[in-house]
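These notes concern the structure reproduced below.
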Amino acid sequence: MNEQHYLTPLFEPRSVAIIGASERDMSLGNILVRNMLEAGFKGKLFAVNPKYEQVLGVPCYKSVEEIPQRLDLAVITTKADRVPAIVDACGRAGTKSVVVLPSGFSDAGPRGRMLEKNTFENARRHRIRLLGPNCLGVLRPELGLNASFADGGAIKGSIGLISQSGALCSAILDWARPNNVGFSSVVSLGTSVDIDFGEVLEYMVSDSRTESIFLYVEGIKDARRFVSALRAAARVKPVLLIKVGRHPAGSQAALLHSGAMVGEDAVFDAALRRAGVIRLYNMGQLFAAANALFSHFRPRGNRLAVITNGGGPGVMAADRAADLRIPMAQLNDATVAKLNEILPPNWSHCNPVDIIGDADPERYAKTLEIVLADENVEGVLTILTPQAMARPTEVAQKIIEIERAADKPVFTCWMGEEQVREGRKLFEAAGIPTFRTTEPAVELFGHISAYYRNQKLLVQTPSSLSSDLNPPSVESARLVIETALSERRKNLNEMESKALLAAFRIPIAQTVVARSATEAMVLAEELGLPVAMKIDSPSITHKAELGGVRLNLRGLAAVRTAYQEILEEVKKKRPDAIINGVAIEPMIIKPYGRELMVGAFRDPVFGPVITFGEGGAHVEIQKDRAVALPPLNNYLVQDLIKSTRVATLLGEYRNMPPINMESLEFVLLRISEMVCELPWIREMDINPLIVDEHGAVAVDARIVVDNIAPTADRYDHMAIHPYPSHLITKISMPEGEIVIRPIKPEDADLEIEFVRKLSPETKYLRFMNTMRELPPAMVARLTQIDYDREMAFVATIEEDGTEVEIGVARYAVNPDGETCEFAIVVAEDWQHRGLARRLMGVLIETARNRGLHAMTGIFLSNNDRMLKFVQSLGFVLTNDPEDNTVKHGALMLQG
């Protein structure tokens, strides 16, 4: 199977045409040809313009169809109204990818939107991949590719940059050149009518030249692909991101510019954390991080030590670390003892390590060596203020010598200007990050070390449903929703809302509805006094504000009076409200209970989102809310709880015992199951959820539902596809029980060991080379998959109490969204036993159920055994017209 990425013609073209090339100085077509020549493009370059026979010495043709070979890439520089016809001509000429630079499409009103639609349809019809329109272009310095109108190009390096803003790309490139920061790729997406973040990220994951990835995001069109690609990338490379539109005004500007939705900022933040990505907030942080990563600044953790010759700057650094939740390293006793031997008696005796204002270069050097040797320290910030005895340049030289041999990151803050200027230049030349003030220095360490901390969140792949012994009744919950929708109601009443919670085994306060004062007294007596009473109305969300709530009613006379008062007050304040009656429930009295809020809502970009925080009547005022993307597991639930202020009140507090944390985690897991399995849910609030030392109970609940269109995948509504546990199957064979299940990130070691044991011949037939070990990037690609767009089934068996992989079959959906390409490999000891046929049967059935039309494969022509096998499955084989060493196979899945 060919492992070359399908966007290779765009990013590694061997032939490029500039359409609209011109001799006119400073025209777009002139700049493009000049940039390609100055970059030293290593492939074949052509120009297209009927006015010229050559442009800047490059052969020029009247149309793209006259070029005497098929093109990997065409770059269009003409006006927008000519682009659809040009893309159509590119398709007829067999061009594989197109970059559209000009604006004037969806950014220019209805006519522009029609041009954009026609351009995309022409590209799609000819199976051309399209970057843009309204973009800067693409650069690959290693290949001499500068298919952009960026002035000056880029230095060759290891950073991949993806941006929705061409102007920002230009600014970053202009900064990078004098700072000697280089790039593997620079990609300006523009309005992303076809190629979006997800696909470019996937390419950069597979690109060995790219070691870290930076993104500038204004909005997202395909949330699931975006998050999936971020997760795949962040498993093997640091990914850092700036996202604008954090506030409503910025969101509107971003939408107008890129045409992509932004969504709620807190939700975007939660998606990034779940993906293992580091978020930056300004260009200064981006420049600092780019410089550091290009210099191979690689923290292994986030425990920071600070060395300073002034107490004030050390405290400033510690304060900023506390703001960012960066732990200050606790120096061990041995370190403190060694420092006591070399430092004055009045040194700080803790971290920050204040080595006093008279510190000379020797004192700095010895202190740095001792602190770096401490196993609790994972990074050192060295601060210098230019005091009389400091000798900043000599100190810098000492630090550079020590940093060369260090296995932990060292970065510096030389405060001031005139006396420290030379020292800063030395640090820059040595590739050591250096700053003028402490705060950005600490921020840099926090941002890059967070990449490693976030890996724990990244590897979580929860199922949609837990393996609990008391599973939810999904069907009964669906019936409640379908009944409401059939009656054209979207707001469930409290009884219906609690019925949904009960179906998912969430403890509820039983609720009944009275429609008269007499009925209210009868029901209250049946439930048992005291009771709480609340207006039951689909028109009213905040019942207490309208006088619609009475609590702790201890007598039947009080119940009768409360019924009448509730109706009178609500009708007076909301005469238009639909009133079903008054809901009555037992008064939940928990002396040590904490009132919490648990909920969910549907974000326009990322789909269902789970919320948690302090509850009660003042929930809007407190604004203590954390959000997370489902599906959740115990680790993710604990992370969500810890992200709130109310978390500190859940343990032992004053005279109150700690809550039963398991019961709170149980409720949050069940809410995750609800939004996974019930895509109709648009909003859900449990407020309050009262939790004490004995358990949790949902006292009040509100759920809003909506009609949704049926889809092939039951989890299409989610940004992160749950682990598809419903696809696990078990088969009995003479050798024992074999489990066939979808692959997951935790299978990385299984996959490495499986490939390691394959024979050289099997490795060659599968990967077209005989590599001994899977590279880390490939391990991530094989195990960290998006279950929506690809699928991999591993066959495992237990040997001596250990799970062993014995085969794997996978497919990846092609860019057309209708077909997929498959691969299969089985361990030598398990070949000729029917395992491959079982694996392929599961794989084919899964692809068919996903609505795919055909499954394809590429095989070596001399692999007779594989060719016979796929033919027996129904594949039709054809010869490759350009390569007689391979054959193509296709199996129709529908009809």
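Residues are referred to by chain and number: the chain letter is A, B, ... according to the order shown in the structure tokens, the number counts from 1 in that chain, and ligands are numbered separately from 1 in the order shown.
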When DSSP is applied to the backbone of this structure, which of segment 695-768 of chain A are assigned helix (DSSP H, G or I)? Write them out as a ChimeraX atom specification.
/A:725-727,745-757,760-767
Taking the DSSP secondary structure from the backbone, can you list the residues of segment 218-332 of chain A that are strand (DSSP E), as a PDB file with all heavy atoms, in the first residue's frame?
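Saved file out_30.pdb follows:
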ATOM      1  N   VAL A 239       2.408  21.307  19.393  1.00  0.00           N
ATOM      2  CA  VAL A 239       1.500  22.108  18.578  1.00  0.00           C
ATOM      3  C   VAL A 239       1.091  23.319  19.413  1.00  0.00           C
ATOM      4  O   VAL A 239       0.563  23.170  20.519  1.00  0.00           O
ATOM      5  CB  VAL A 239       0.250  21.308  18.155  1.00  0.00           C
ATOM      6  CG1 VAL A 239      -0.677  22.173  17.306  1.00  0.00           C
ATOM      7  CG2 VAL A 239       0.655  20.056  17.392  1.00  0.00           C
ATOM      8  N   LEU A 240       1.351  24.516  18.894  1.00  0.00           N
ATOM      9  CA  LEU A 240       1.010  25.759  19.590  1.00  0.00           C
ATOM     10  C   LEU A 240       0.076  26.569  18.712  1.00  0.00           C
ATOM     11  O   LEU A 240       0.226  26.579  17.485  1.00  0.00           O
ATOM     12  CB  LEU A 240       2.273  26.556  19.930  1.00  0.00           C
ATOM     13  CG  LEU A 240       3.225  25.857  20.909  1.00  0.00           C
ATOM     14  CD1 LEU A 240       4.285  25.063  20.153  1.00  0.00           C
ATOM     15  CD2 LEU A 240       3.902  26.854  21.829  1.00  0.00           C
ATOM     16  N   LEU A 241      -0.859  27.272  19.340  1.00  0.00           N
ATOM     17  CA  LEU A 241      -1.951  27.861  18.575  1.00  0.00           C
ATOM     18  C   LEU A 241      -2.352  29.214  19.152  1.00  0.00           C
ATOM     19  O   LEU A 241      -2.436  29.373  20.370  1.00  0.00           O
ATOM     20  CB  LEU A 241      -3.140  26.888  18.610  1.00  0.00           C
ATOM     21  CG  LEU A 241      -4.438  27.230  17.926  1.00  0.00           C
ATOM     22  CD1 LEU A 241      -5.133  25.937  17.488  1.00  0.00           C
ATOM     23  CD2 LEU A 241      -5.373  28.006  18.838  1.00  0.00           C
ATOM     24  N   ILE A 242      -2.560  30.169  18.247  1.00  0.00           N
ATOM     25  CA  ILE A 242      -3.213  31.426  18.611  1.00  0.00           C
ATOM     26  C   ILE A 242      -4.599  31.404  17.987  1.00  0.00           C
ATOM     27  O   ILE A 242      -4.753  31.137  16.800  1.00  0.00           O
ATOM     28  CB  ILE A 242      -2.437  32.648  18.091  1.00  0.00           C
ATOM     29  CG1 ILE A 242      -1.156  32.858  18.906  1.00  0.00           C
ATOM     30  CG2 ILE A 242      -3.301  33.906  18.183  1.00  0.00           C
ATOM     31  CD1 ILE A 242      -0.361  34.069  18.474  1.00  0.00           C
ATOM     32  N   LYS A 243      -5.607  31.670  18.820  1.00  0.00           N
ATOM     33  CA  LYS A 243      -6.971  31.731  18.310  1.00  0.00           C
ATOM     34  C   LYS A 243      -7.561  33.084  18.664  1.00  0.00           C
ATOM     35  O   LYS A 243      -7.534  33.501  19.816  1.00  0.00           O
ATOM     36  CB  LYS A 243      -7.810  30.605  18.911  1.00  0.00           C
ATOM     37  CG  LYS A 243      -9.267  30.609  18.482  1.00  0.00           C
ATOM     38  CD  LYS A 243     -10.138  31.023  19.631  1.00  0.00           C
ATOM     39  CE  LYS A 243     -11.612  30.970  19.250  1.00  0.00           C
ATOM     40  NZ  LYS A 243     -12.456  31.528  20.333  1.00  0.00           N
ATOM     41  N   ILE A 278      -1.042  23.590  22.975  1.00  0.00           N
ATOM     42  CA  ILE A 278      -0.733  24.741  23.819  1.00  0.00           C
ATOM     43  C   ILE A 278      -1.321  25.988  23.178  1.00  0.00           C
ATOM     44  O   ILE A 278      -1.086  26.254  21.997  1.00  0.00           O
ATOM     45  CB  ILE A 278       0.784  24.925  23.985  1.00  0.00           C
ATOM     46  CG1 ILE A 278       1.433  23.602  24.395  1.00  0.00           C
ATOM     47  CG2 ILE A 278       1.068  26.025  24.987  1.00  0.00           C
ATOM     48  CD1 ILE A 278       0.793  22.926  25.562  1.00  0.00           C
ATOM     49  N   ARG A 279      -2.051  26.764  23.986  1.00  0.00           N
ATOM     50  CA  ARG A 279      -2.655  27.983  23.468  1.00  0.00           C
ATOM     51  C   ARG A 279      -1.799  29.191  23.834  1.00  0.00           C
ATOM     52  O   ARG A 279      -1.413  29.367  24.990  1.00  0.00           O
ATOM     53  CB  ARG A 279      -4.054  28.153  24.041  1.00  0.00           C
ATOM     54  CG  ARG A 279      -4.753  29.373  23.461  1.00  0.00           C
ATOM     55  CD  ARG A 279      -6.205  29.417  23.859  1.00  0.00           C
ATOM     56  NE  ARG A 279      -6.872  30.531  23.229  1.00  0.00           N
ATOM     57  CZ  ARG A 279      -8.152  30.807  23.353  1.00  0.00           C
ATOM     58  NH1 ARG A 279      -8.910  30.026  24.097  1.00  0.00           N
ATOM     59  NH2 ARG A 279      -8.683  31.845  22.746  1.00  0.00           N
ATOM     60  N   LEU A 280      -1.517  30.013  22.835  1.00  0.00           N
ATOM     61  CA  LEU A 280      -0.828  31.285  23.028  1.00  0.00           C
ATOM     62  C   LEU A 280      -1.852  32.405  22.858  1.00  0.00           C
ATOM     63  O   LEU A 280      -2.889  32.215  22.227  1.00  0.00           O
ATOM     64  CB  LEU A 280       0.306  31.443  22.015  1.00  0.00           C
ATOM     65  CG  LEU A 280       1.302  30.275  21.932  1.00  0.00           C
ATOM     66  CD1 LEU A 280       2.314  30.517  20.815  1.00  0.00           C
ATOM     67  CD2 LEU A 280       2.025  30.074  23.248  1.00  0.00           C
ATOM     68  N   LEU A 304       9.754  24.581  37.981  1.00  0.00           N
ATOM     69  CA  LEU A 304      10.681  25.652  37.611  1.00  0.00           C
ATOM     70  C   LEU A 304      11.530  26.093  38.794  1.00  0.00           C
ATOM     71  O   LEU A 304      11.034  26.245  39.912  1.00  0.00           O
ATOM     72  CB  LEU A 304       9.868  26.846  37.093  1.00  0.00           C
ATOM     73  CG  LEU A 304      10.636  28.120  36.732  1.00  0.00           C
ATOM     74  CD1 LEU A 304      11.567  27.871  35.545  1.00  0.00           C
ATOM     75  CD2 LEU A 304       9.657  29.254  36.424  1.00  0.00           C
ATOM     76  N   ALA A 305      12.811  26.326  38.522  1.00  0.00           N
ATOM     77  CA  ALA A 305      13.704  26.957  39.487  1.00  0.00           C
ATOM     78  C   ALA A 305      14.126  28.308  38.934  1.00  0.00           C
ATOM     79  O   ALA A 305      14.306  28.463  37.718  1.00  0.00           O
ATOM     80  CB  ALA A 305      14.929  26.089  39.749  1.00  0.00           C
ATOM     81  N   VAL A 306      14.291  29.283  39.825  1.00  0.00           N
ATOM     82  CA  VAL A 306      14.696  30.632  39.440  1.00  0.00           C
ATOM     83  C   VAL A 306      15.958  31.004  40.209  1.00  0.00           C
ATOM     84  O   VAL A 306      15.999  30.855  41.440  1.00  0.00           O
ATOM     85  CB  VAL A 306      13.574  31.649  39.733  1.00  0.00           C
ATOM     86  CG1 VAL A 306      14.041  33.072  39.424  1.00  0.00           C
ATOM     87  CG2 VAL A 306      12.325  31.320  38.929  1.00  0.00           C
ATOM     88  N   ILE A 307      16.969  31.466  39.484  1.00  0.00           N
ATOM     89  CA  ILE A 307      18.196  31.981  40.095  1.00  0.00           C
ATOM     90  C   ILE A 307      18.259  33.472  39.789  1.00  0.00           C
ATOM     91  O   ILE A 307      18.082  33.878  38.638  1.00  0.00           O
ATOM     92  CB  ILE A 307      19.443  31.266  39.533  1.00  0.00           C
ATOM     93  CG1 ILE A 307      19.391  29.761  39.845  1.00  0.00           C
ATOM     94  CG2 ILE A 307      20.725  31.882  40.081  1.00  0.00           C
ATOM     95  CD1 ILE A 307      20.460  28.950  39.128  1.00  0.00           C
ATOM     96  N   THR A 308      18.504  34.291  40.814  1.00  0.00           N
ATOM     97  CA  THR A 308      18.469  35.738  40.615  1.00  0.00           C
ATOM     98  C   THR A 308      19.467  36.428  41.539  1.00  0.00           C
ATOM     99  O   THR A 308      19.791  35.911  42.616  1.00  0.00           O
ATOM    100  CB  THR A 308      17.051  36.287  40.890  1.00  0.00           C
ATOM    101  OG1 THR A 308      17.059  37.697  40.779  1.00  0.00           O
ATOM    102  CG2 THR A 308      16.555  35.909  42.285  1.00  0.00           C
TER     103      THR A 308
END
Can you write out as a tab-separated table which residues of segment 551-656 of chain A fall within 7 Å of segment 266-275 of chain A, alongside each residue's closest atom pair and its distance in Å to one decimal, counting only C-alpha atoms and ordering rows by chain and ascending residue number?
residue	atom	partner	partner_atom	distance
A:Val627	CA	A:Val267	CA	6.4
A:Ala628	CA	A:Ala270	CA	5.5
A:Leu629	CA	A:Ala271	CA	6.5
Atoms kept (N, CA and C atoms) for selection, written as a short mmCIF file (atom, residue, chain, number, x, y, z; two decimals), in the first residue's frame:
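Final output, out.cif:
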data_model
loop_
_atom_site.label_atom_id
_atom_site.label_comp_id
_atom_site.auth_asym_id
_atom_site.auth_seq_id
_atom_site.Cartn_x
_atom_site.Cartn_y
_atom_site.Cartn_z
N VAL A 627 -15.77 23.73 31.49
CA VAL A 627 -16.41 22.99 30.40
C VAL A 627 -15.47 21.90 29.90
N ALA A 628 -16.05 20.86 29.36
CA ALA A 628 -15.27 19.75 28.79
C ALA A 628 -16.04 19.16 27.63
N LEU A 629 -15.29 18.62 26.66
CA LEU A 629 -15.92 17.93 25.53
C LEU A 629 -16.10 16.46 25.87
#
Please list as an NGL selection string every residue within 7 Å of Gly857 of chain A, counting only C-alpha atoms and excluding residues in the same chain fewer than 3 positions away.
:A and (1 or 821-823 or 888-890)
Using all heavy atoms, can you export the residues from the last selection as a CSV table (one decimal), in the first residue's frame?
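Output file again-v2.csv is given in full below:
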chain,number,residue,atom,x,y,z
A,1,MET,N,0.8,-1.2,0.0
A,1,MET,CA,0.0,0.0,0.0
A,1,MET,C,0.9,1.2,0.0
A,1,MET,O,1.8,1.3,0.7
A,1,MET,CB,-0.9,0.0,1.2
A,1,MET,CG,-1.9,1.1,1.3
A,1,MET,SD,-2.9,0.9,2.7
A,1,MET,CE,-3.7,2.5,2.7
A,821,GLU,N,-9.6,3.3,1.3
A,821,GLU,CA,-8.4,2.5,0.9
A,821,GLU,C,-8.1,1.6,2.1
A,821,GLU,O,-8.0,2.1,3.2
A,821,GLU,CB,-7.3,3.3,0.4
A,821,GLU,CG,-6.1,2.5,-0.2
A,821,GLU,CD,-5.1,3.4,-0.8
A,821,GLU,OE1,-5.4,4.5,-1.3
A,821,GLU,OE2,-3.9,3.1,-0.8
A,822,PHE,N,-7.8,0.3,1.9
A,822,PHE,CA,-7.6,-0.6,3.0
A,822,PHE,C,-6.2,-1.2,3.0
A,822,PHE,O,-5.5,-1.1,1.9
A,822,PHE,CB,-8.6,-1.7,3.0
A,822,PHE,CG,-8.2,-2.9,2.2
A,822,PHE,CD1,-7.6,-4.0,2.8
A,822,PHE,CD2,-8.4,-3.0,0.8
A,822,PHE,CE1,-7.2,-5.1,2.1
A,822,PHE,CE2,-8.0,-4.1,0.1
A,822,PHE,CZ,-7.4,-5.2,0.7
A,823,ALA,N,-5.8,-1.7,4.1
A,823,ALA,CA,-4.5,-2.5,4.2
A,823,ALA,C,-4.8,-3.5,5.3
A,823,ALA,O,-5.6,-3.3,6.2
A,823,ALA,CB,-3.4,-1.6,4.6
A,888,HIS,N,-4.2,-2.3,-8.8
A,888,HIS,CA,-5.3,-1.7,-8.1
A,888,HIS,C,-6.5,-2.6,-7.9
A,888,HIS,O,-6.8,-3.4,-8.9
A,888,HIS,CB,-5.7,-0.4,-8.7
A,888,HIS,CG,-4.7,0.7,-8.8
A,888,HIS,ND1,-4.6,1.7,-7.9
A,888,HIS,CD2,-3.7,0.8,-9.7
A,888,HIS,CE1,-3.5,2.4,-8.2
A,888,HIS,NE2,-3.0,1.9,-9.3
A,889,GLY,N,-7.1,-2.6,-6.7
A,889,GLY,CA,-8.3,-3.5,-6.5
A,889,GLY,C,-9.4,-2.6,-6.0
A,889,GLY,O,-9.2,-1.6,-5.3
A,890,ALA,N,-10.6,-3.0,-6.4
A,890,ALA,CA,-11.8,-2.2,-6.0
A,890,ALA,C,-12.9,-3.2,-5.7
A,890,ALA,O,-13.2,-4.1,-6.4
A,890,ALA,CB,-12.2,-1.2,-7.0
